[in-house]
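Dropping my_file_19.cif in here (mmCIF, C-alpha atoms (C1' of nucleotides)):
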data_entry
loop_
_atom_site.label_atom_id
_atom_site.label_comp_id
_atom_site.auth_asym_id
_atom_site.auth_seq_id
_atom_site.Cartn_x
_atom_site.Cartn_y
_atom_site.Cartn_z
CA MET L 1 127.16 97.02 105.35
CA ASP L 2 130.48 95.34 104.79
CA LYS L 3 131.08 97.09 101.54
CA LEU L 4 130.99 100.49 103.18
CA ILE L 5 133.34 99.41 105.96
CA GLN L 6 135.61 97.93 103.35
CA TYR L 7 135.59 101.20 101.45
CA ILE L 8 136.34 103.20 104.53
CA ASN L 9 139.20 100.88 105.40
CA LYS L 10 140.86 101.68 102.12
CA HIS L 11 141.79 105.03 103.60
CA ILE L 12 141.90 104.45 107.34
CA SER L 13 142.09 101.45 109.69
CA LEU L 14 139.19 101.08 112.06
CA THR L 15 139.59 98.93 115.15
CA ALA L 16 136.96 96.26 115.74
CA GLU L 17 135.49 98.46 118.44
CA GLU L 18 135.26 101.51 116.20
CA GLU L 19 133.79 99.40 113.49
CA GLY L 20 131.13 98.20 115.87
CA LEU L 21 130.33 101.71 117.03
CA LEU L 22 130.06 102.96 113.47
CA LEU L 23 127.86 100.05 112.43
CA SER L 24 125.53 100.74 115.33
CA LYS L 25 124.89 104.22 113.94
CA LEU L 26 124.20 103.17 110.37
CA LYS L 27 120.83 102.34 108.94
CA ARG L 28 119.99 100.62 105.72
CA ARG L 29 117.12 101.92 103.69
CA THR L 30 115.64 101.01 100.34
CA TYR L 31 113.91 103.43 97.98
CA LEU L 32 111.83 102.61 94.95
CA LYS L 33 112.47 103.93 91.49
CA GLY L 34 111.43 107.56 91.36
CA GLN L 35 111.54 108.15 95.11
CA TYR L 36 113.54 110.98 96.59
CA VAL L 37 116.37 110.39 99.02
CA SER L 38 116.33 114.11 99.72
CA GLN L 39 114.46 117.04 98.31
CA SER L 40 115.24 120.64 97.53
CA GLY L 41 113.87 122.88 100.24
CA ASP L 42 114.05 120.25 102.96
CA ILE L 43 116.83 120.13 105.49
CA SER L 44 118.81 116.98 104.85
CA LYS L 45 118.61 114.43 107.63
CA HIS L 46 121.25 111.99 106.45
CA TYR L 47 124.25 111.35 104.31
CA ASN L 48 123.90 108.29 102.09
CA PHE L 49 126.22 105.64 100.75
CA ILE L 50 124.78 103.68 97.84
CA GLU L 51 124.86 99.94 98.30
CA SER L 52 122.96 99.17 95.13
CA GLY L 53 120.92 101.05 92.57
CA LYS L 54 121.44 104.45 91.03
CA THR L 55 120.48 108.04 91.64
CA ARG L 56 120.65 111.47 90.12
CA THR L 57 121.21 114.70 92.00
CA PHE L 58 119.60 117.61 90.21
CA TYR L 59 118.75 121.23 90.55
CA LEU L 60 115.50 122.78 89.36
CA ASP L 61 116.17 126.30 88.12
CA ASP L 62 113.82 129.28 88.09
CA ASN L 63 112.63 128.45 84.58
CA GLY L 64 111.71 124.93 85.63
CA ASN L 65 114.64 123.29 83.87
CA GLU L 66 116.39 120.40 85.51
CA HIS L 67 120.17 120.34 85.72
CA ILE L 68 121.86 117.16 86.78
CA VAL L 69 124.69 117.85 89.18
CA ALA L 70 125.79 114.28 89.74
CA PHE L 71 124.90 110.66 89.22
CA GLY L 72 125.26 108.11 91.96
CA ILE L 73 125.94 104.40 91.63
CA GLU L 74 127.26 101.69 93.93
CA ASN L 75 129.79 102.92 96.47
CA TYR L 76 129.09 106.61 95.93
CA TRP L 77 128.17 109.01 98.70
CA ILE L 78 125.14 111.08 97.81
CA GLY L 79 123.25 113.95 99.38
CA ASP L 80 123.17 117.72 99.39
CA LEU L 81 126.39 118.38 101.26
CA GLY L 82 125.60 122.06 101.73
CA SER L 83 122.40 121.17 103.52
CA ILE L 84 123.99 118.35 105.46
CA ILE L 85 126.81 120.40 106.88
CA SER L 86 124.97 123.61 107.67
CA GLN L 87 121.48 122.20 108.16
CA THR L 88 119.97 124.70 105.75
CA PRO L 89 117.34 123.93 103.09
CA ALA L 90 118.77 121.81 100.32
CA ASP L 91 119.32 123.20 96.82
CA PHE L 92 119.33 119.81 95.21
CA ASN L 93 117.02 116.85 94.77
CA VAL L 94 118.38 113.35 95.01
CA GLN L 95 116.15 110.92 93.18
CA CYS L 96 116.46 107.20 92.66
CA LEU L 97 116.54 106.03 89.06
CA ASP L 98 116.13 102.42 90.13
CA LYS L 99 115.24 100.60 93.26
CA THR L 100 118.12 101.79 95.40
CA THR L 101 119.51 100.68 98.74
CA VAL L 102 121.53 103.15 100.75
CA ILE L 103 123.35 103.13 104.05
CA GLN L 104 122.53 106.24 106.00
CA ILE L 105 124.32 108.25 108.65
CA ALA L 106 122.01 110.67 110.42
CA CYS L 107 123.29 114.25 110.29
CA ASN L 108 122.59 114.77 113.97
CA GLN L 109 124.91 111.87 114.83
CA LEU L 110 127.65 112.80 112.46
CA GLU L 111 129.39 115.21 114.83
CA GLN L 112 129.23 112.68 117.62
CA LEU L 113 130.74 110.09 115.33
CA TYR L 114 133.55 112.42 114.36
CA HIS L 115 134.16 112.90 118.06
CA ASP L 116 134.11 109.22 118.92
CA ILE L 117 136.06 108.10 115.84
CA PRO L 118 138.36 110.95 114.86
CA LYS L 119 139.74 108.84 112.04
CA LEU L 120 136.48 109.45 110.23
CA GLU L 121 137.53 113.05 109.83
CA ARG L 122 140.38 111.73 107.77
CA TYR L 123 138.20 109.41 105.74
CA PHE L 124 135.78 112.15 104.84
CA ARG L 125 138.54 114.68 104.27
CA ILE L 126 140.02 112.41 101.64
CA THR L 127 136.66 111.62 100.11
CA VAL L 128 135.58 115.23 99.85
CA GLN L 129 139.00 116.29 98.64
CA ASN L 130 138.70 113.94 95.70
CA ALA L 131 135.19 115.12 94.98
CA TYR L 132 136.40 118.71 95.05
CA VAL L 133 139.23 118.05 92.64
CA ASN L 134 136.76 116.44 90.26
CA ALA L 135 134.37 119.35 90.58
CA GLN L 136 137.11 121.79 89.67
CA LYS L 137 138.03 119.65 86.70
CA ARG L 138 134.44 119.73 85.58
CA ILE L 139 134.23 123.50 85.86
CA VAL L 140 137.29 123.90 83.69
CA ARG L 141 136.07 121.43 81.11
CA ASN L 142 132.75 123.10 80.81
CA PHE L 143 134.63 126.24 79.85
CA SER L 144 137.35 124.88 77.69
CA LEU L 145 135.78 122.00 75.83
CA SER L 146 133.01 121.92 73.25
CA ALA L 147 129.84 119.98 73.99
CA GLN L 148 131.02 117.19 71.72
CA GLU L 149 134.35 116.88 73.46
CA ARG L 150 132.64 116.85 76.84
CA TYR L 151 130.32 114.10 75.68
CA LEU L 152 133.10 111.91 74.34
CA LEU L 153 135.08 112.38 77.53
CA PHE L 154 132.04 111.47 79.58
CA LEU L 155 131.58 108.24 77.63
CA GLU L 156 135.20 107.41 78.21
CA GLU L 157 135.56 108.34 81.86
CA GLN L 158 132.16 107.42 83.16
CA ALA L 159 131.40 104.54 80.86
CA GLU L 160 129.40 102.61 83.40
CA ILE L 161 127.12 105.50 84.19
CA ALA L 162 126.80 106.35 80.51
CA GLN L 163 125.40 102.90 79.88
CA ARG L 164 122.99 103.00 82.78
CA VAL L 165 121.23 106.34 82.43
CA PRO L 166 118.99 107.67 79.64
CA GLN L 167 120.47 110.01 77.11
CA TYR L 168 118.46 113.05 78.07
CA MET L 169 119.96 112.87 81.54
CA ILE L 170 123.44 112.74 80.12
CA ALA L 171 122.58 115.85 78.14
CA SER L 172 121.44 117.52 81.33
CA TYR L 173 124.64 116.49 83.11
CA LEU L 174 126.69 117.91 80.25
CA GLY L 175 124.73 121.14 80.32
CA ILE L 176 123.14 120.83 76.88
CA THR L 177 119.66 120.01 75.60
CA LYS L 178 118.64 116.49 74.72
CA GLU L 179 118.01 117.60 71.13
CA PHE L 180 121.50 118.96 70.77
CA LEU L 181 123.04 115.81 72.20
CA SER L 182 121.08 113.81 69.67
CA HIS L 183 122.48 116.04 66.96
CA LEU L 184 126.01 115.54 68.29
CA ARG L 185 125.65 111.77 68.28
CA ASN L 186 124.46 111.94 64.72
CA GLN L 187 127.50 114.03 63.86
CA ILE L 188 129.87 111.66 65.64
CA ALA L 189 128.42 108.68 63.80
CA LYS L 190 128.90 110.45 60.47
CA ASP L 191 132.48 111.40 61.33
CA ALA L 192 133.24 107.81 62.26
CA LYS L 193 132.17 106.56 58.84
CA SER L 194 134.38 108.83 56.79
CA MET F 195 151.51 133.67 111.09
CA ASP F 196 148.97 134.51 113.72
CA LYS F 197 146.22 135.09 111.22
CA LEU F 198 146.45 131.53 109.94
CA ILE F 199 146.46 130.08 113.45
CA GLN F 200 143.50 132.27 114.28
CA TYR F 201 141.68 131.00 111.19
CA ILE F 202 142.37 127.41 112.05
CA ASN F 203 141.18 127.96 115.60
CA LYS F 204 137.80 129.00 114.28
CA HIS F 205 137.16 125.36 113.53
CA ILE F 206 139.33 123.45 115.96
CA SER F 207 141.22 124.19 119.19
CA LEU F 208 144.93 123.67 119.03
CA THR F 209 146.87 123.26 122.24
CA ALA F 210 149.90 125.50 122.73
CA GLU F 211 152.09 122.54 121.98
CA GLU F 212 150.29 121.69 118.75
CA GLU F 213 150.39 125.31 117.75
CA GLY F 214 154.14 125.33 118.26
CA LEU F 215 154.61 122.18 116.25
CA LEU F 216 152.50 123.50 113.43
CA LEU F 217 154.31 126.84 113.41
CA SER F 218 157.66 125.07 113.20
CA LYS F 219 156.54 123.47 109.93
CA LEU F 220 155.30 126.63 108.27
CA LYS F 221 157.35 128.92 106.08
CA ARG F 222 156.57 132.39 104.94
CA ARG F 223 157.38 133.34 101.39
CA THR F 224 156.82 136.44 99.32
CA TYR F 225 156.28 136.48 95.55
CA LEU F 226 156.38 139.48 93.23
CA LYS F 227 153.59 140.46 90.92
CA GLY F 228 153.50 138.07 88.00
CA GLN F 229 155.41 135.27 89.73
CA TYR F 230 154.04 131.78 89.92
CA VAL F 231 153.32 130.04 93.20
CA SER F 232 152.91 126.84 91.26
CA GLN F 233 152.89 125.95 87.61
CA SER F 234 151.00 123.56 85.41
CA GLY F 235 153.12 120.50 84.69
CA ASP F 236 155.14 120.75 87.89
CA ILE F 237 154.42 118.63 90.91
CA SER F 238 153.21 120.94 93.66
CA LYS F 239 155.54 121.18 96.61
CA HIS F 240 153.36 123.12 99.03
CA TYR F 241 149.93 124.23 99.97
CA ASN F 242 149.64 128.00 100.47
CA PHE F 243 147.65 130.28 102.72
CA ILE F 244 147.57 133.89 101.53
CA GLU F 245 148.63 136.38 104.16
CA SER F 246 148.50 139.37 101.83
CA GLY F 247 148.21 140.01 98.12
CA LYS F 248 146.14 138.29 95.49
CA THR F 249 146.41 135.44 93.03
CA ARG F 250 144.62 133.76 90.20
CA THR F 251 144.51 130.06 89.53
CA PHE F 252 144.08 129.36 85.85
CA TYR F 253 144.10 126.63 83.28
CA LEU F 254 145.61 126.95 79.83
CA ASP F 255 143.59 124.93 77.34
CA ASP F 256 144.73 123.27 74.13
CA ASN F 257 143.87 126.35 72.10
CA GLY F 258 146.00 128.53 74.32
CA ASN F 259 143.06 130.18 76.07
CA GLU F 260 143.29 130.91 79.76
CA HIS F 261 140.44 129.95 82.05
CA ILE F 262 140.46 131.30 85.58
CA VAL F 263 139.44 128.64 88.04
CA ALA F 264 139.70 130.73 91.20
CA PHE F 265 140.94 133.97 92.64
CA GLY F 266 142.81 134.10 95.92
CA ILE F 267 142.94 136.93 98.42
CA GLU F 268 143.88 137.22 102.10
CA ASN F 269 143.02 134.13 104.15
CA TYR F 270 142.41 131.87 101.17
CA TRP F 271 144.16 128.57 100.63
CA ILE F 272 145.59 128.25 97.14
CA GLY F 273 147.30 125.58 95.12
CA ASP F 274 146.49 122.75 92.76
CA LEU F 275 144.88 120.35 95.20
CA GLY F 276 144.91 117.50 92.71
CA SER F 277 148.66 117.79 92.39
CA ILE F 278 149.18 118.32 96.11
CA ILE F 279 147.30 115.24 97.20
CA SER F 280 148.45 112.79 94.59
CA GLN F 281 151.82 114.36 93.73
CA THR F 282 151.04 114.32 90.02
CA PRO F 283 151.79 117.15 87.57
CA ALA F 284 149.56 120.13 88.21
CA ASP F 285 146.80 121.13 85.78
CA PHE F 286 146.66 124.67 87.01
CA ASN F 287 148.92 127.68 87.28
CA VAL F 288 148.77 129.86 90.36
CA GLN F 289 150.04 133.33 89.61
CA CYS F 290 150.35 136.40 91.82
CA LEU F 291 148.49 139.47 90.64
CA ASP F 292 150.27 141.63 93.22
CA LYS F 293 153.19 141.24 95.54
CA THR F 294 151.87 138.35 97.59
CA THR F 295 152.94 136.79 100.87
CA VAL F 296 151.91 133.22 101.58
CA ILE F 297 152.37 130.78 104.40
CA GLN F 298 153.42 127.42 103.06
CA ILE F 299 153.06 123.87 104.25
CA ALA F 300 155.32 121.48 102.38
CA CYS F 301 153.43 118.57 100.83
CA ASN F 302 155.97 116.07 102.10
CA GLN F 303 155.30 117.18 105.66
CA LEU F 304 151.56 117.30 105.40
CA GLU F 305 150.99 113.62 106.16
CA GLN F 306 153.28 113.82 109.14
CA LEU F 307 151.37 116.85 110.37
CA TYR F 308 148.08 115.03 110.02
CA HIS F 309 149.61 112.24 112.05
CA ASP F 310 150.98 114.49 114.78
CA ILE F 311 147.96 116.78 114.95
CA PRO F 312 144.92 114.72 113.94
CA LYS F 313 142.71 117.74 114.53
CA LEU F 314 144.10 119.16 111.31
CA GLU F 315 142.22 116.46 109.48
CA ARG F 316 139.09 118.06 110.82
CA TYR F 317 140.18 121.55 109.90
CA PHE F 318 140.95 120.62 106.34
CA ARG F 319 137.88 118.44 106.04
CA ILE F 320 135.73 121.44 106.87
CA THR F 321 137.68 123.77 104.62
CA VAL F 322 137.56 121.46 101.63
CA GLN F 323 133.93 120.62 102.28
CA ASN F 324 133.02 124.29 101.98
CA ALA F 325 135.11 124.66 98.86
CA TYR F 326 133.37 121.65 97.35
CA VAL F 327 129.91 122.98 98.10
CA ASN F 328 130.87 126.24 96.39
CA ALA F 329 132.28 124.40 93.40
CA GLN F 330 129.02 122.52 92.96
CA LYS F 331 127.10 125.75 93.21
CA ARG F 332 129.28 127.22 90.51
CA ILE F 333 128.74 124.25 88.20
CA VAL F 334 124.99 124.59 88.55
CA ARG F 335 125.05 128.32 87.99
CA ASN F 336 127.11 128.02 84.88
CA PHE F 337 124.36 125.82 83.51
CA SER F 338 121.28 127.56 84.76
CA LEU F 339 122.13 131.25 84.63
CA SER F 340 122.86 133.52 81.70
CA ALA F 341 126.24 135.25 81.49
CA GLN F 342 124.64 138.49 82.68
CA GLU F 343 123.07 136.86 85.72
CA ARG F 344 126.37 135.20 86.56
CA TYR F 345 128.17 138.50 86.32
CA LEU F 346 125.72 140.34 88.56
CA LEU F 347 125.87 137.56 91.10
CA PHE F 348 129.63 137.68 91.04
CA LEU F 349 129.63 141.42 91.73
CA GLU F 350 127.28 140.83 94.63
CA GLU F 351 128.87 137.80 96.23
CA GLN F 352 132.52 138.49 95.53
CA ALA F 353 132.46 142.25 95.67
CA GLU F 354 135.93 142.59 97.06
CA ILE F 355 137.53 140.43 94.40
CA ALA F 356 135.47 142.18 91.72
CA GLN F 357 137.03 145.48 92.70
CA ARG F 358 140.54 144.16 92.83
CA VAL F 359 140.96 142.27 89.56
CA PRO F 360 140.81 143.53 85.97
CA GLN F 361 137.68 142.99 84.00
CA TYR F 362 139.13 140.61 81.48
CA MET F 363 139.97 138.22 84.31
CA ILE F 364 136.44 138.40 85.64
CA ALA F 365 135.27 137.48 82.15
CA SER F 366 137.61 134.52 82.19
CA TYR F 367 136.33 133.45 85.61
CA LEU F 368 132.76 133.67 84.36
CA GLY F 369 133.62 131.65 81.27
CA ILE F 370 132.96 134.38 78.70
CA THR F 371 135.16 136.58 76.52
CA LYS F 372 136.26 140.02 77.65
CA GLU F 373 134.47 141.55 74.69
CA PHE F 374 131.21 139.94 75.63
CA LEU F 375 131.51 141.06 79.23
CA SER F 376 132.07 144.59 78.01
CA HIS F 377 128.91 144.25 75.96
CA LEU F 378 127.02 142.99 78.98
CA ARG F 379 128.14 145.91 81.11
CA ASN F 380 127.00 148.27 78.41
CA GLN F 381 123.65 146.51 78.39
CA ILE F 382 123.34 146.63 82.17
CA ALA F 383 124.10 150.37 82.20
CA LYS F 384 121.42 150.97 79.58
CA ASP F 385 118.87 148.88 81.48
CA ALA F 386 119.60 150.83 84.64
CA LYS F 387 118.76 154.13 82.97
CA SER F 388 115.34 153.15 81.67
"C1'" DC P 389 98.90 96.19 69.76
"C1'" DG P 390 98.57 100.55 72.00
"C1'" DT P 391 100.43 103.73 75.18
"C1'" DC P 392 103.98 106.15 77.26
"C1'" DT P 393 108.50 107.70 77.26
"C1'" DA P 394 112.81 108.61 74.90
"C1'" DT P 395 115.16 109.94 70.80
"C1'" DT P 396 115.58 112.06 66.29
"C1'" DT P 397 115.02 115.59 62.76
"C1'" DG P 398 114.64 120.20 60.99
"C1'" DA P 399 113.89 125.17 60.81
"C1'" DA P 400 114.12 129.50 63.03
"C1'" DT P 401 116.26 131.98 66.76
"C1'" DG P 402 119.48 133.57 70.17
"C1'" DT P 403 123.45 133.79 72.89
"C1'" DA P 404 128.02 134.21 72.95
"C1'" DC P 405 132.40 134.18 70.04
"C1'" DT P 406 135.97 135.89 66.68
"C1'" DC P 407 138.38 139.31 64.57
"C1'" DA P 408 139.60 143.92 63.75
"C1'" DA P 409 139.88 148.42 65.07
"C1'" DA P 410 139.29 152.31 68.08
"C1'" DA P 411 139.22 154.48 72.40
"C1'" DG P 412 140.59 154.99 77.32
"C1'" DC P 413 143.98 155.07 80.90
"C1'" DG P 414 147.98 155.01 83.61
"C1'" DG P 415 152.75 155.46 83.75
"C1'" DT P 416 157.34 157.25 82.04
"C1'" DG P 417 160.57 160.02 79.82
"C1'" DG P 418 161.78 163.89 77.14
"C1'" DC R 419 153.40 169.24 80.74
"C1'" DC R 420 152.79 166.77 76.92
"C1'" DA R 421 153.77 162.67 73.99
"C1'" DC R 422 154.15 158.14 73.73
"C1'" DC R 423 153.82 153.37 75.20
"C1'" DG R 424 151.67 149.26 76.84
"C1'" DC R 425 147.74 147.39 78.62
"C1'" DT R 426 142.66 147.19 79.27
"C1'" DT R 427 138.19 148.13 77.74
"C1'" DT R 428 134.87 149.30 74.19
"C1'" DT R 429 132.46 148.93 69.77
"C1'" DG R 430 130.74 146.68 65.74
"C1'" DA R 431 130.11 143.33 62.07
"C1'" DG R 432 129.96 138.72 60.78
"C1'" DT R 433 129.78 133.93 62.45
"C1'" DA R 434 129.24 129.65 65.10
"C1'" DC R 435 127.51 126.91 68.53
"C1'" DA R 436 123.66 125.67 70.98
"C1'" DT R 437 118.62 126.49 71.95
"C1'" DT R 438 113.63 126.43 71.20
"C1'" DC R 439 109.66 124.63 69.31
"C1'" DA R 440 107.15 121.40 66.70
"C1'" DA R 441 106.57 117.16 64.74
"C1'" DA R 442 108.00 112.57 63.44
"C1'" DT R 443 110.04 108.22 64.81
"C1'" DA R 444 111.68 104.64 67.72
"C1'" DG R 445 111.65 101.70 71.90
"C1'" DA R 446 109.92 99.59 76.03
"C1'" DC R 447 106.46 97.57 78.58
"C1'" DG R 448 102.07 95.85 79.85
#
Target encoding structure tokens, full file:
Amino acid sequence: MDKLIQYINKHISLTAEEEGLLLSKLKRRTYLKGQYVSQSGDISKHYNFIESGKTRTFYLDDNGNEHIVAFGIENYWIGDLGSIISQTPADFNVQCLDKTTVIQIACNQLEQLYHDIPKLERYFRITVQNAYVNAQKRIVRNFSLSAQERYLLFLEEQAEIAQRVPQYMIASYLGITKEFLSHLRNQIAKDAKS
Amino acid sequence: MDKLIQYINKHISLTAEEEGLLLSKLKRRTYLKGQYVSQSGDISKHYNFIESGKTRTFYLDDNGNEHIVAFGIENYWIGDLGSIISQTPADFNVQCLDKTTVIQIACNQLEQLYHDIPKLERYFRITVQNAYVNAQKRIVRNFSLSAQERYLLFLEEQAEIAQRVPQYMIASYLGITKEFLSHLRNQIAKDAKS
DNA sequence: CGTCTATTTGAATGTACTCAAAAGCGGTGG
DNA sequence: CCACCGCTTTTGAGTACATTCAAATAGACG
């Protein structure tokens, strides 16, 4: 679980004692491809840090269409934060796209941990703050950019993810249909030639 | 500045001493209608809590179109968080829609405040966490709901704001044109009759 | 090689946009 | 009190971007 500790220590400095306490509360768990780390409707039991593998967080709308909210790869925190913080049924599903190993913090121990290691408040404040800034950026882009521009930006900014997930999921993440993304790629290829 | 202290104390418990220290760092400032609390391109100098009035946070895209990212009313925190936390040029403009009084924390004192009153880490963690959950919800809705559904939901969930801002700004917030929103309203009125 | 999943292609459709013009609605001044 | 001004909302026609549905093609894996 060194990688997680290392990540946390980028923002705060844990003492050896705190590190030990934190480690004692963490559990490693491995999911197979296709398994769900958490499911819509359930109350989330843990917050997860990906050690290896990849996941998608998606929402199933009333018409049965899937909408990918986020991808997760190594060193990402995943889970339905709304469910985790208020212990209400989750809106989102978190599914593994590969065999995936996560480090879990149980929700019912999170408050205790914040109490025992107040520095963690800082760590998570910073982490969530960054996630929030990105979410706002995404909202604005979805309004102000065309689907093609959004796709090109995605390839650029999230190159690693782009290479590791199937195209129809990228379409879903971008908020367009897989057919339309295919059309866009065709278009882009044509434009590149001329 | 009691209202802010009161709001903060919903999540944490400040001692009298901490309260005093915090208060000594806060400044009240009033802007006229139309004035900017912060502007795109500038590096944000403070984070703002609205005591009275209302604001819009918007992004100006490459085609010169405005996209409203958020509205602010009493008891909301406003500002370009991306700029505030990394002291980079802001993406967003925050403009007052009325005479607006805010309580400001200077960015260059924020870290010191976190140091002196670690509980504030917790307060802002919780605040940003909630904002993030809402942002994710908005992303999903923009994908899975039609413009009409989004509008009706907005009226329901943000009734107060809906009554206090002009329609063309609501359209911008929803990511549609003012003309199309007008069309939708027409449609909704017709549907209601039959 | 066959099966299953992912991607491509194309035609018809729909949702939302653009542009232009008209109508409504406060305020302000004559 | 009315006329005019600026700003917001409405209306309508034509258009564009993205969707749906159906079918063909390509890729991956046993």
Proximity to chain L - best of F:Ser246, F:Gln298, F:Asn203, F:Ser277, all atoms listed in the file
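Checking each candidate against chain L, we get F:Ser277 as the closest.
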Interface list for chain L, partner chain P, 10 Å threshold, only C-alpha atoms (C1' of nucleotides), as a PyMOL selection string
chain L and resi 166-168+178-179+181-183+186
Rows by chain and residue number, chain R within 12 Å of chain L, shortest pair, only C-alpha atoms (C1' of nucleotides), as a Markdown table:
| residue | atom | partner | partner_atom | distance |
| --- | --- | --- | --- | --- |
| R:DA434 | C1' | L:Ser146 | CA | 11.8 |
| R:DC435 | C1' | L:Ser146 | CA | 8.8 |
| R:DA436 | C1' | L:Phe180 | CA | 7.1 |
| R:DT437 | C1' | L:Thr177 | CA | 7.5 |
| R:DT438 | C1' | L:Thr177 | CA | 9.8 |
| R:DC439 | C1' | L:Glu179 | CA | 11.1 |
Figure out the distance between CA of Val359 (chain F) and CA of Phe252 (chain F), please, to one decimal in Å.
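Straight-line distance from CA of Phe252 (chain F) to CA of Val359 (chain F) works out to 13.8 Å.
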Can you list what the PyMOL selection byres ((chain L) within 10 of (chain F)) grabs from this structure, as JSON, numbers by chain?
{"L": [58, 59, 60, 61, 62, 63, 64, 65, 66, 67, 68, 69, 70, 80, 81, 82, 83, 85, 86, 91, 92, 114, 118, 119, 120, 121, 122, 123, 124, 125, 126, 127, 128, 129, 130, 131, 132, 133, 134, 135, 136, 137, 138, 139, 140, 141, 142, 143, 144, 145, 172, 173, 174, 175, 176]}
Using the file's own x, y and z axes, what box holds all listed atoms of region 44-57 of chain L with 3 Å on each side, keeping edges along x, y and z, and what are its centre and edge lengths in Å to one decimal, as AutoDock Vina command-line options?
--center_x 122.4 --center_y 108.1 --center_z 98.9 --size_x 13.6 --size_y 23.8 --size_z 23.5
Care to translate the PyMOL selection byres ((chain F and resi 235-242) around 10) into actual residues of this file, as a PDB file with C-alpha atoms, keeping the file's coordinate frame?
ATOM      1  CA  LEU F 220     155.300 126.630 108.270  1.00  0.00           C
ATOM      2  CA  LYS F 221     157.350 128.920 106.080  1.00  0.00           C
ATOM      3  CA  ARG F 222     156.570 132.390 104.940  1.00  0.00           C
ATOM      4  CA  ARG F 223     157.380 133.340 101.390  1.00  0.00           C
ATOM      5  CA  VAL F 231     153.320 130.040  93.200  1.00  0.00           C
ATOM      6  CA  SER F 232     152.910 126.840  91.260  1.00  0.00           C
ATOM      7  CA  GLN F 233     152.890 125.950  87.610  1.00  0.00           C
ATOM      8  CA  SER F 234     151.000 123.560  85.410  1.00  0.00           C
ATOM      9  CA  PHE F 243     147.650 130.280 102.720  1.00  0.00           C
ATOM     10  CA  ILE F 244     147.570 133.890 101.530  1.00  0.00           C
ATOM     11  CA  GLU F 245     148.630 136.380 104.160  1.00  0.00           C
ATOM     12  CA  ASN F 269     143.020 134.130 104.150  1.00  0.00           C
ATOM     13  CA  TYR F 270     142.410 131.870 101.170  1.00  0.00           C
ATOM     14  CA  TRP F 271     144.160 128.570 100.630  1.00  0.00           C
ATOM     15  CA  ILE F 272     145.590 128.250  97.140  1.00  0.00           C
ATOM     16  CA  GLY F 273     147.300 125.580  95.120  1.00  0.00           C
ATOM     17  CA  ASP F 274     146.490 122.750  92.760  1.00  0.00           C
ATOM     18  CA  LEU F 275     144.880 120.350  95.200  1.00  0.00           C
ATOM     19  CA  GLY F 276     144.910 117.500  92.710  1.00  0.00           C
ATOM     20  CA  SER F 277     148.660 117.790  92.390  1.00  0.00           C
ATOM     21  CA  ILE F 278     149.180 118.320  96.110  1.00  0.00           C
ATOM     22  CA  ILE F 279     147.300 115.240  97.200  1.00  0.00           C
ATOM     23  CA  SER F 280     148.450 112.790  94.590  1.00  0.00           C
ATOM     24  CA  GLN F 281     151.820 114.360  93.730  1.00  0.00           C
ATOM     25  CA  THR F 282     151.040 114.320  90.020  1.00  0.00           C
ATOM     26  CA  PRO F 283     151.790 117.150  87.570  1.00  0.00           C
ATOM     27  CA  ALA F 284     149.560 120.130  88.210  1.00  0.00           C
ATOM     28  CA  ASP F 285     146.800 121.130  85.780  1.00  0.00           C
ATOM     29  CA  PHE F 286     146.660 124.670  87.010  1.00  0.00           C
ATOM     30  CA  ASN F 287     148.920 127.680  87.280  1.00  0.00           C
ATOM     31  CA  THR F 295     152.940 136.790 100.870  1.00  0.00           C
ATOM     32  CA  VAL F 296     151.910 133.220 101.580  1.00  0.00           C
ATOM     33  CA  ILE F 297     152.370 130.780 104.400  1.00  0.00           C
ATOM     34  CA  GLN F 298     153.420 127.420 103.060  1.00  0.00           C
ATOM     35  CA  ILE F 299     153.060 123.870 104.250  1.00  0.00           C
ATOM     36  CA  ALA F 300     155.320 121.480 102.380  1.00  0.00           C
ATOM     37  CA  CYS F 301     153.430 118.570 100.830  1.00  0.00           C
ATOM     38  CA  ASN F 302     155.970 116.070 102.100  1.00  0.00           C
ATOM     39  CA  GLN F 303     155.300 117.180 105.660  1.00  0.00           C
ATOM     40  CA  LEU F 304     151.560 117.300 105.400  1.00  0.00           C
TER      41      LEU F 304
END
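With CA of Ile5 (chain L) on one side and CA of Lys25 (chain L) on the other, the separation reads 12.6 Å.
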Hey, what's within 9 Å of Leu21 (chain L) if we count all atoms listed in the file and toss same-chain stuff fewer than 6 positions away? As a short mmCIF file (atom, residue, chain, number, x, y, z; two decimals) with C-alpha atoms, in the coordinates of the input, please?
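Result saved to out04.cif:
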data_model
loop_
_atom_site.label_atom_id
_atom_site.label_comp_id
_atom_site.auth_asym_id
_atom_site.auth_seq_id
_atom_site.Cartn_x
_atom_site.Cartn_y
_atom_site.Cartn_z
CA LEU L 113 130.74 110.09 115.33
CA ASP L 116 134.11 109.22 118.92
CA ILE L 117 136.06 108.10 115.84
#
One-decimal distance in Å that lies between CA of Glu18 (chain L) and CA of Gln306 (chain F)
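One can read the CA of Gln306 (chain F) to CA of Glu18 (chain L) distance as 22.9 Å.
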